[in-house]
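Next comes final-v1.txt, with compact mmCIF, C-alpha atoms (C1' of nucleotides) and all ligand atoms.
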# COMPACT_ATOMS: atom_id res chain seq x y z
CA MET N 298 137.30 134.13 95.66
CA LYS N 299 139.10 133.04 98.81
CA VAL N 300 137.92 134.71 102.00
CA THR N 301 140.60 135.01 104.66
CA ASN N 302 139.20 137.61 107.04
CA ILE N 303 136.28 139.89 107.74
CA GLN N 304 137.60 142.59 105.43
CA SER N 305 137.71 140.31 102.40
CA LEU N 306 134.27 139.04 103.34
CA LYS N 307 133.00 142.60 103.31
CA ASN N 308 134.58 143.22 99.95
CA ILE N 309 132.83 140.29 98.34
CA LEU N 310 129.50 141.15 99.93
CA SER N 311 129.48 144.88 99.17
CA ASP N 312 130.70 144.16 95.68
CA LYS N 313 127.33 142.54 95.00
CA GLY N 314 125.27 144.95 97.06
CA TYR N 315 125.00 142.86 100.21
CA LYS N 316 125.71 144.16 103.69
CA LEU N 317 128.26 142.91 106.16
CA THR N 318 126.26 142.21 109.31
CA LYS N 319 127.06 140.77 112.72
CA ALA N 320 125.20 137.60 111.75
CA ARG N 321 127.34 137.22 108.63
CA GLU N 322 130.56 137.76 110.57
CA ASN N 323 129.49 135.05 113.00
CA THR N 324 128.47 132.74 110.17
CA PHE N 325 131.92 133.17 108.71
CA SER N 326 133.60 132.50 112.08
CA ALA N 327 131.64 129.28 112.50
CA LEU N 328 132.87 128.14 109.10
CA LEU N 329 136.52 128.43 110.13
CA SER N 330 137.48 124.80 110.58
CA PRO N 331 139.92 122.36 108.98
CA GLU N 332 137.04 119.98 108.24
CA PRO N 333 133.75 120.39 106.41
CA GLN N 334 130.91 120.78 108.94
CA SER N 335 127.23 119.91 108.96
CA MET N 336 124.56 122.60 109.09
CA ALA N 337 123.59 121.33 112.54
CA THR N 338 127.13 121.92 113.76
CA LEU N 339 127.24 125.45 112.40
CA ILE N 340 123.89 126.24 114.03
CA ALA N 341 124.99 124.77 117.35
CA LYS N 342 128.33 126.60 117.33
CA SER N 343 126.64 129.97 117.00
CA GLN N 344 123.31 129.36 118.67
CA ASP N 345 123.45 132.48 120.82
CA LYS N 346 124.66 134.73 118.03
CA VAL N 347 122.82 133.73 114.87
CA ASP N 348 119.22 132.60 114.46
CA ARG N 349 118.70 129.22 112.80
CA VAL N 350 116.77 130.77 109.93
CA THR N 351 119.41 133.42 109.39
CA MET N 352 122.09 130.74 109.32
CA TYR N 353 120.27 128.91 106.52
CA ARG N 354 119.80 132.15 104.61
CA ASN N 355 123.40 133.23 104.94
CA ILE N 356 124.86 129.85 104.08
CA ASP N 357 122.71 129.91 100.93
CA LEU N 358 124.03 133.36 100.13
CA PHE N 359 127.65 132.41 100.82
CA GLU N 360 127.27 129.42 98.56
CA LYS N 361 125.94 131.54 95.73
CA LEU N 362 128.79 133.98 96.22
CA GLY N 363 131.30 131.13 96.13
CA ILE N 364 132.39 131.65 99.72
CA VAL N 365 131.34 128.16 100.77
CA ASN N 366 131.01 124.80 99.07
CA ARG N 367 128.44 122.16 99.85
CA ILE N 368 129.93 118.69 99.52
CA TYR N 369 128.47 115.27 100.15
CA VAL N 370 130.14 113.09 102.72
CA GLY N 371 128.36 109.80 103.19
CA TRP N 372 124.66 110.51 102.94
CA LYS N 373 124.68 114.08 104.14
CA TYR N 374 126.08 117.34 102.94
CA LYS N 375 128.67 119.37 104.75
CA LEU N 376 129.88 122.90 104.32
CA GLU N 377 133.37 124.29 103.96
CA LEU N 378 134.99 127.59 103.06
CA SER N 379 136.18 127.68 99.48
CA ASP N 380 139.94 127.63 99.36
CA ASN N 381 140.94 128.04 95.78
CA PHE N 382 139.08 129.04 92.72
CA MET N 383 138.07 125.48 92.09
CA ASP N 384 137.84 123.11 95.00
CA HIS N 385 137.82 119.44 94.31
CA HIS N 386 136.77 116.28 96.07
CA HIS N 387 137.71 113.12 94.25
CA HIS N 388 137.07 109.99 96.21
CA LEU N 389 136.93 106.26 95.98
CA SER N 390 134.39 105.21 98.62
CA CYS N 391 134.09 101.60 99.78
CA LEU N 392 130.48 100.46 100.18
CA SER N 393 131.56 97.69 102.52
CA CYS N 394 134.05 99.10 105.01
CA GLY N 395 133.46 102.80 104.40
CA LYS N 396 137.06 103.59 103.59
CA VAL N 397 137.54 106.78 101.59
CA ILE N 398 140.52 107.17 99.29
CA ASP N 399 141.44 110.62 97.99
CA ILE N 400 142.53 110.89 94.38
CA GLU N 401 145.08 113.53 93.38
CA ASP N 402 145.24 113.01 89.63
CA GLU N 403 143.77 116.12 88.04
CA GLN N 404 144.76 115.60 84.43
CA HIS N 405 141.79 113.90 82.82
CA ILE N 406 139.29 115.61 85.11
CA ASN N 407 140.38 119.11 84.18
CA GLU N 408 140.19 118.38 80.48
CA PHE N 409 136.76 116.96 80.90
CA ILE N 410 135.49 119.91 82.92
CA LYS N 411 136.82 122.38 80.39
CA SER N 412 135.20 120.64 77.43
CA VAL N 413 131.83 120.13 79.05
CA THR N 414 131.45 123.55 80.69
CA ASP N 415 132.44 125.26 77.44
CA LYS N 416 129.83 123.25 75.60
CA PHE N 417 127.03 124.43 77.91
CA SER N 418 128.42 127.91 78.65
CA PHE N 419 128.44 126.87 82.27
CA THR N 420 130.55 128.71 84.87
CA PRO N 421 132.05 126.06 87.15
CA ARG N 422 132.74 126.80 90.76
CA HIS N 423 133.31 123.49 92.43
CA HIS N 424 133.11 119.84 91.59
CA GLN N 425 132.96 116.46 93.21
CA PHE N 426 133.71 113.07 91.74
CA GLU N 427 132.85 110.00 93.74
CA ILE N 428 133.31 106.37 92.78
CA ASP N 429 131.45 103.90 95.00
CA GLY N 430 132.50 100.29 95.04
CA PHE N 431 134.78 97.97 96.97
CA CYS N 432 138.34 98.57 98.11
CA ASN N 433 141.12 96.07 97.47
CA VAL N 434 140.60 94.43 100.87
CA CYS N 435 136.81 94.13 100.63
CA SER N 436 136.89 93.02 96.99
CA LYS N 437 138.61 89.84 98.11
CA SER N 438 136.22 88.87 100.90
CA LYS N 439 133.26 86.75 99.82
CA LYS N 440 130.23 88.69 101.03
CA SER N 441 129.80 91.72 98.86
CA MET G 235 123.68 92.14 91.83
CA LYS G 236 121.15 93.17 89.20
CA VAL G 237 117.54 92.49 90.14
CA THR G 238 115.26 91.95 87.16
CA ASN G 239 112.17 90.38 88.70
CA ILE G 240 110.57 89.24 91.94
CA GLN G 241 112.28 85.87 91.82
CA SER G 242 115.78 87.36 91.71
CA LEU G 243 114.76 89.74 94.47
CA LYS G 244 113.72 86.78 96.59
CA ASN G 245 117.02 85.07 95.91
CA ILE G 246 119.06 87.99 97.13
CA LEU G 247 116.90 88.48 100.19
CA SER G 248 116.68 84.86 101.33
CA ASP G 249 120.38 84.48 100.65
CA LYS G 250 121.00 86.87 103.55
CA GLY G 251 118.16 85.62 105.74
CA TYR G 252 115.59 88.29 104.83
CA LYS G 253 112.01 87.55 103.84
CA LEU G 254 110.29 88.47 100.61
CA THR G 255 107.19 90.35 101.71
CA LYS G 256 104.38 92.17 99.90
CA ALA G 257 105.86 95.46 101.06
CA ARG G 258 109.22 94.57 99.55
CA GLU G 259 107.65 93.48 96.27
CA ASN G 260 105.85 96.81 96.10
CA THR G 261 108.99 98.70 97.03
CA PHE G 262 110.74 96.99 94.16
CA SER G 263 107.89 97.78 91.76
CA ALA G 264 108.01 101.44 92.70
CA LEU G 265 111.72 101.49 91.89
CA LEU G 266 111.10 100.33 88.31
CA SER G 267 111.63 103.54 86.37
CA PRO G 268 114.02 104.84 83.72
CA GLU G 269 114.90 107.75 85.99
CA PRO G 270 116.18 107.96 89.56
CA GLN G 271 113.32 108.91 91.87
CA SER G 272 113.08 110.81 95.13
CA MET G 273 112.00 109.11 98.33
CA ALA G 274 108.86 111.26 98.26
CA THR G 275 107.98 109.90 94.82
CA LEU G 276 108.46 106.32 95.88
CA ILE G 277 106.28 106.89 98.93
CA ALA G 278 103.58 108.59 96.88
CA LYS G 279 103.57 105.91 94.19
CA SER G 280 102.85 103.18 96.70
CA GLN G 281 100.96 105.08 99.35
CA ASP G 282 98.14 102.53 99.61
CA LYS G 283 100.46 99.54 99.59
CA VAL G 284 103.50 100.43 101.67
CA ASP G 285 103.69 102.50 104.83
CA ARG G 286 106.07 105.48 104.79
CA VAL G 287 108.17 104.02 107.58
CA THR G 288 108.39 100.63 105.90
CA MET G 289 109.49 102.33 102.68
CA TYR G 290 112.39 103.98 104.49
CA ARG G 291 113.33 100.72 106.15
CA ASN G 292 113.24 98.69 102.97
CA ILE G 293 115.11 101.23 100.89
CA ASP G 294 117.83 101.20 103.53
CA LEU G 295 117.93 97.42 103.33
CA PHE G 296 117.99 97.38 99.54
CA GLU G 297 120.85 99.83 99.55
CA LYS G 298 122.89 97.69 101.92
CA LEU G 299 122.25 94.67 99.72
CA GLY G 300 123.36 96.60 96.62
CA ILE G 301 119.91 96.50 95.05
CA VAL G 302 119.59 100.28 94.91
CA ASN G 303 121.96 103.22 94.57
CA ARG G 304 121.50 106.55 96.24
CA ILE G 305 122.74 109.39 94.06
CA TYR G 306 122.77 113.15 94.45
CA VAL G 307 121.02 115.29 91.90
CA GLY G 308 121.34 118.96 92.67
CA TRP G 309 120.87 119.22 96.40
CA LYS G 310 118.77 116.12 96.95
CA TYR G 311 119.35 112.42 96.69
CA LYS G 312 117.42 110.09 94.45
CA LEU G 313 117.14 106.33 94.29
CA GLU G 314 117.54 103.91 91.42
CA LEU G 315 117.91 100.20 90.90
CA SER G 316 121.52 99.12 90.50
CA ASP G 317 122.45 97.84 87.11
CA ASN G 318 124.99 95.31 85.95
CA PHE G 319 126.99 97.81 84.03
CA MET G 320 128.47 100.65 85.94
CA ASP G 321 125.91 103.25 86.84
CA HIS G 322 126.92 106.77 86.10
CA HIS G 323 125.63 110.23 86.82
CA HIS G 324 127.31 113.27 85.39
CA HIS G 325 125.67 116.58 86.10
CA LEU G 326 126.10 120.28 85.85
CA SER G 327 124.09 121.81 88.68
CA CYS G 328 123.26 125.52 88.83
CA LEU G 329 123.73 127.03 92.29
CA SER G 330 121.39 129.89 91.44
CA CYS G 331 118.31 128.47 89.70
CA GLY G 332 118.80 124.79 90.51
CA LYS G 333 118.79 123.64 86.90
CA VAL G 334 120.46 120.26 86.37
CA ILE G 335 122.09 119.41 83.05
CA ASP G 336 122.93 115.80 82.25
CA ILE G 337 126.24 115.14 80.54
CA GLU G 338 126.40 112.24 78.16
CA ASP G 339 130.08 112.40 77.21
CA GLU G 340 131.68 109.29 78.65
CA GLN G 341 135.06 109.37 76.98
CA HIS G 342 137.35 111.15 79.39
CA ILE G 343 135.52 109.91 82.45
CA ASN G 344 135.86 106.25 81.56
CA GLU G 345 139.58 106.60 80.93
CA PHE G 346 139.98 108.32 84.24
CA ILE G 347 138.00 105.70 86.16
CA LYS G 348 139.94 102.87 84.60
CA SER G 349 143.30 104.38 85.47
CA VAL G 350 142.42 105.28 89.02
CA THR G 351 140.58 102.09 89.99
CA ASP G 352 143.41 100.00 88.54
CA LYS G 353 145.91 102.01 90.55
CA PHE G 354 144.11 101.26 93.82
CA SER G 355 142.80 97.78 92.92
CA PHE G 356 139.33 99.16 93.52
CA THR G 357 136.19 97.45 92.20
CA PRO G 358 133.80 100.19 91.05
CA ARG G 359 130.04 99.77 91.26
CA HIS G 360 128.79 103.18 90.30
CA HIS G 361 130.05 106.72 90.16
CA GLN G 362 128.88 110.26 90.23
CA PHE G 363 130.45 113.42 88.90
CA GLU G 364 128.85 116.72 89.77
CA ILE G 365 129.98 120.17 88.77
CA ASP G 366 128.35 123.02 90.72
CA GLY G 367 128.34 126.49 89.27
CA PHE G 368 126.13 128.77 87.21
CA CYS G 369 124.18 127.99 84.06
CA ASN G 370 124.42 130.18 80.99
CA VAL G 371 121.34 132.16 82.02
CA CYS G 372 122.38 132.78 85.61
CA SER G 373 126.00 133.55 84.68
CA LYS G 374 124.74 136.67 82.92
CA SER G 375 122.60 138.13 85.69
CA LYS G 376 124.46 140.66 87.77
CA LYS G 377 123.94 139.30 91.31
CA SER G 378 125.78 136.08 90.73
C1' DC C 45 127.26 162.77 112.32
C1' DA C 46 122.16 162.72 111.56
C1' DT C 47 118.84 161.02 108.59
C1' DC C 48 116.78 157.74 105.52
C1' DT C 49 115.72 153.34 103.52
C1' DA C 50 116.46 148.92 101.54
C1' DA C 51 118.44 144.94 103.33
C1' DA C 52 118.68 141.86 106.92
C1' DT C 53 117.27 139.78 111.19
C1' DG C 54 114.52 137.22 114.68
C1' DC C 55 110.48 135.08 115.80
C1' DA C 56 106.52 132.24 115.32
C1' DA C 57 104.29 129.12 112.70
C1' DC C 58 104.52 125.81 109.35
C1' DA C 59 106.03 121.93 106.21
C1' DA C 60 108.90 118.19 104.93
C1' DA C 61 111.97 114.50 106.04
C1' DG C 62 113.37 110.90 108.86
C1' DT C 63 113.23 107.96 113.41
C1' DT C 64 111.60 105.11 117.35
C1' DG C 65 108.77 101.94 120.22
C1' DC C 66 105.47 98.67 120.18
C1' DA C 67 101.45 95.70 119.35
C1' DA C 68 99.60 93.14 115.47
C1' DT C 69 100.54 90.54 111.38
C1' DT C 70 103.03 87.54 108.16
C1' DA C 71 106.59 84.63 105.83
C1' DC C 72 108.43 80.45 105.90
C1' DA C 73 110.79 76.56 108.01
C1' DA C 74 109.93 72.64 110.72
C1' DT F 56 99.55 73.08 110.18
C1' DT F 57 101.83 75.33 113.54
C1' DG F 58 105.45 78.12 115.86
C1' DT F 59 108.06 82.00 115.86
C1' DA F 60 111.22 85.49 114.45
C1' DA F 61 110.99 88.89 111.05
C1' DT F 62 108.32 92.45 109.32
C1' DT F 63 104.73 95.72 109.21
C1' DG F 64 101.65 99.73 110.31
C1' DC F 65 100.60 103.16 113.32
C1' DA F 66 101.25 106.94 116.48
C1' DA F 67 104.24 109.93 118.37
C1' DC F 68 108.40 112.22 118.01
C1' DT F 69 112.80 114.59 116.31
C1' DT F 70 115.33 116.90 112.91
C1' DT F 71 115.70 119.73 109.01
C1' DG F 72 114.30 123.33 106.15
C1' DT F 73 110.82 127.21 104.72
C1' DT F 74 107.66 131.31 104.84
C1' DG F 75 105.49 135.72 106.28
C1' DC F 76 105.98 139.65 108.78
C1' DA F 77 107.13 143.21 112.18
C1' DT F 78 111.40 145.17 113.90
C1' DT F 79 116.17 146.36 113.54
C1' DT F 80 120.42 147.74 111.24
C1' DA F 81 124.10 148.73 107.67
C1' DG F 82 125.73 152.02 105.21
C1' DA F 83 124.73 155.54 101.59
C1' DT F 84 123.65 160.34 101.20
C1' DG F 85 123.94 165.09 102.27
MN MN A 1 138.42 115.17 99.46
MN MN A 2 122.11 111.56 85.63
ZN ZN A 3 136.51 98.26 101.92
ZN ZN A 4 120.86 128.85 86.57
Would you mind writing the structure in this file as structure tokens?
Amino acid sequence: MKVTNIQSLKNILSDKGYKLTKARENTFSALLSPEPQSMATLIAKSQDKVDRVTMYRNIDLFEKLGIVNRIYVGWKYKLELSDNFMDHHHHLSCLSCGKVIDIEDEQHINEFIKSVTDKFSFTPRHHQFEIDGFCNVCSKSKKS
Amino acid sequence: MKVTNIQSLKNILSDKGYKLTKARENTFSALLSPEPQSMATLIAKSQDKVDRVTMYRNIDLFEKLGIVNRIYVGWKYKLELSDNFMDHHHHLSCLSCGKVIDIEDEQHINEFIKSVTDKFSFTPRHHQFEIDGFCNVCSKSKKS
DNA sequence: CATCTAAATGCAACAAAGTTGCAATTACAA
DNA sequence: TTGTAATTGCAACTTTGTTGCATTTAGATG
């Protein structure tokens, strides 16, 4: 499912009967970034090449095809290219100081996903697990 | 942090130097619901009592004070009163048709949370686990 | 490679969501 | 009761996302 270049993008698209267009190439280029980006950023980056409306439509399509993931960072979503079959974002997020801690432990999570998706015949593509609360520093200070 | 009535709301507010106003009482009343609600719903429910702008401002305040949680359901956030016990939201969300399935199985998740919050000395308030993918219906259709 | 057509695009217009500045009102402490 | 800072409502505005439609284009076919 990983898209590394225009050729693999074309393969995924044509496989489902979609066309590889200039707008889609440019949408893909805008997505190349080490960090997840907001829709506004993607639109700004390619403002002379891709119409706003087309950007929305193609991001929707890419998401359905598994080319991009929509993740929530703070109160807004951001978009990123899918890397592996199943991307993950497991965070502890401090409501007081905003610190975000990444969790690596996959053991329990993977078991849980398997059991629950099997139960509902659901095909998972991506998941996100966020725990909001207070970090060790902020837990000690008086004002919650 | 749990708010059960107007008096406890007043306590939390005045504790931080905020006033208990009619608009805030009505904001609180609108939040009383077994289900998380969208901002649009809250605004509609109290359209004759609280101005749209005031609703935004007071929800923001309530969130900072820990009175409400903002959670993501599908692609939109919803609001709910915080509870004493840990709030939880476990969903399967279909990228194609938008269907949201609630998961009730708590077993694996609770183990996982315990182990990871202990590890980082983190005090959890609420958590959210969302799996994006395709529901049983949409998994079968050809243009996935 | 010339032709054909469904798919895709851009544009304009719209709708929904959220923000800002400010004058009028209100909570509440003195 | 009064004084005053906090809060509100309103109007105007920005940002974000959607819809309908005429025009353009990818790419399949021969
Ligand atoms: Mn992460
Ligand atoms: Mn839920
Ligand atoms: Zn913290
Ligand atoms: Zn579905």
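Chain copies chain N and chain G align, over all their C-alpha atoms in order, to a least-squares RMSD of 2.3 Å.
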ask   = Which polymer residues have any atom within 10 Å of an atom of DT80 of chain F, counting only C-alpha atoms (C1' of nucleotides), with same-chain residues fewer than 5 positions away left out, as a PyMOL selection string?
value = (chain N and resi 316+318-319) or (chain C and resi 51-53)
Test item: residues lying within 12 Å of ligand MN 2 (chain A) with only C-alpha atoms (C1' of nucleotides) and all ligand atoms, as a PDB file with C-alpha atoms, in the coordinates of the input:
ATOM      1  CA  PRO G 268     114.020 104.840  83.720  1.00  0.00           C
ATOM      2  CA  GLU G 269     114.900 107.750  85.990  1.00  0.00           C
ATOM      3  CA  PRO G 270     116.180 107.960  89.560  1.00  0.00           C
ATOM      4  CA  GLN G 271     113.320 108.910  91.870  1.00  0.00           C
ATOM      5  CA  ARG G 304     121.500 106.550  96.240  1.00  0.00           C
ATOM      6  CA  ILE G 305     122.740 109.390  94.060  1.00  0.00           C
ATOM      7  CA  TYR G 306     122.770 113.150  94.450  1.00  0.00           C
ATOM      8  CA  VAL G 307     121.020 115.290  91.900  1.00  0.00           C
ATOM      9  CA  GLY G 308     121.340 118.960  92.670  1.00  0.00           C
ATOM     10  CA  TYR G 311     119.350 112.420  96.690  1.00  0.00           C
ATOM     11  CA  LYS G 312     117.420 110.090  94.450  1.00  0.00           C
ATOM     12  CA  LEU G 313     117.140 106.330  94.290  1.00  0.00           C
ATOM     13  CA  GLU G 314     117.540 103.910  91.420  1.00  0.00           C
ATOM     14  CA  ASP G 321     125.910 103.250  86.840  1.00  0.00           C
ATOM     15  CA  HIS G 322     126.920 106.770  86.100  1.00  0.00           C
ATOM     16  CA  HIS G 323     125.630 110.230  86.820  1.00  0.00           C
ATOM     17  CA  HIS G 324     127.310 113.270  85.390  1.00  0.00           C
ATOM     18  CA  HIS G 325     125.670 116.580  86.100  1.00  0.00           C
ATOM     19  CA  LEU G 326     126.100 120.280  85.850  1.00  0.00           C
ATOM     20  CA  SER G 327     124.090 121.810  88.680  1.00  0.00           C
ATOM     21  CA  VAL G 334     120.460 120.260  86.370  1.00  0.00           C
ATOM     22  CA  ILE G 335     122.090 119.410  83.050  1.00  0.00           C
ATOM     23  CA  ASP G 336     122.930 115.800  82.250  1.00  0.00           C
ATOM     24  CA  ILE G 337     126.240 115.140  80.540  1.00  0.00           C
ATOM     25  CA  GLU G 338     126.400 112.240  78.160  1.00  0.00           C
ATOM     26  CA  ASP G 339     130.080 112.400  77.210  1.00  0.00           C
ATOM     27  CA  HIS G 360     128.790 103.180  90.300  1.00  0.00           C
ATOM     28  CA  HIS G 361     130.050 106.720  90.160  1.00  0.00           C
ATOM     29  CA  GLN G 362     128.880 110.260  90.230  1.00  0.00           C
ATOM     30  CA  PHE G 363     130.450 113.420  88.900  1.00  0.00           C
ATOM     31  CA  GLU G 364     128.850 116.720  89.770  1.00  0.00           C
TER      32      GLU G 364
END
inquiry  = Show me which residues line ligand ZN 4 (chain A), defined as having an atom within 12 Å of a ligand atom where only C-alpha atoms (C1' of nucleotides) and all ligand atoms count, and present them as a VMD selection string.
reply    = (chain N and resid 361 417 to 421) or (chain G and resid 308 326 to 335 366 to 375 377 to 378)
inquiry  = Residues within 8 Å of segment 65-71 of chain F, please, as a list in words. Count only C-alpha atoms (C1' of nucleotides); anything in the same chain fewer than 4 positions from it doesn't count.
reply    = DA61, DG62, DT63 and DT64 of chain C
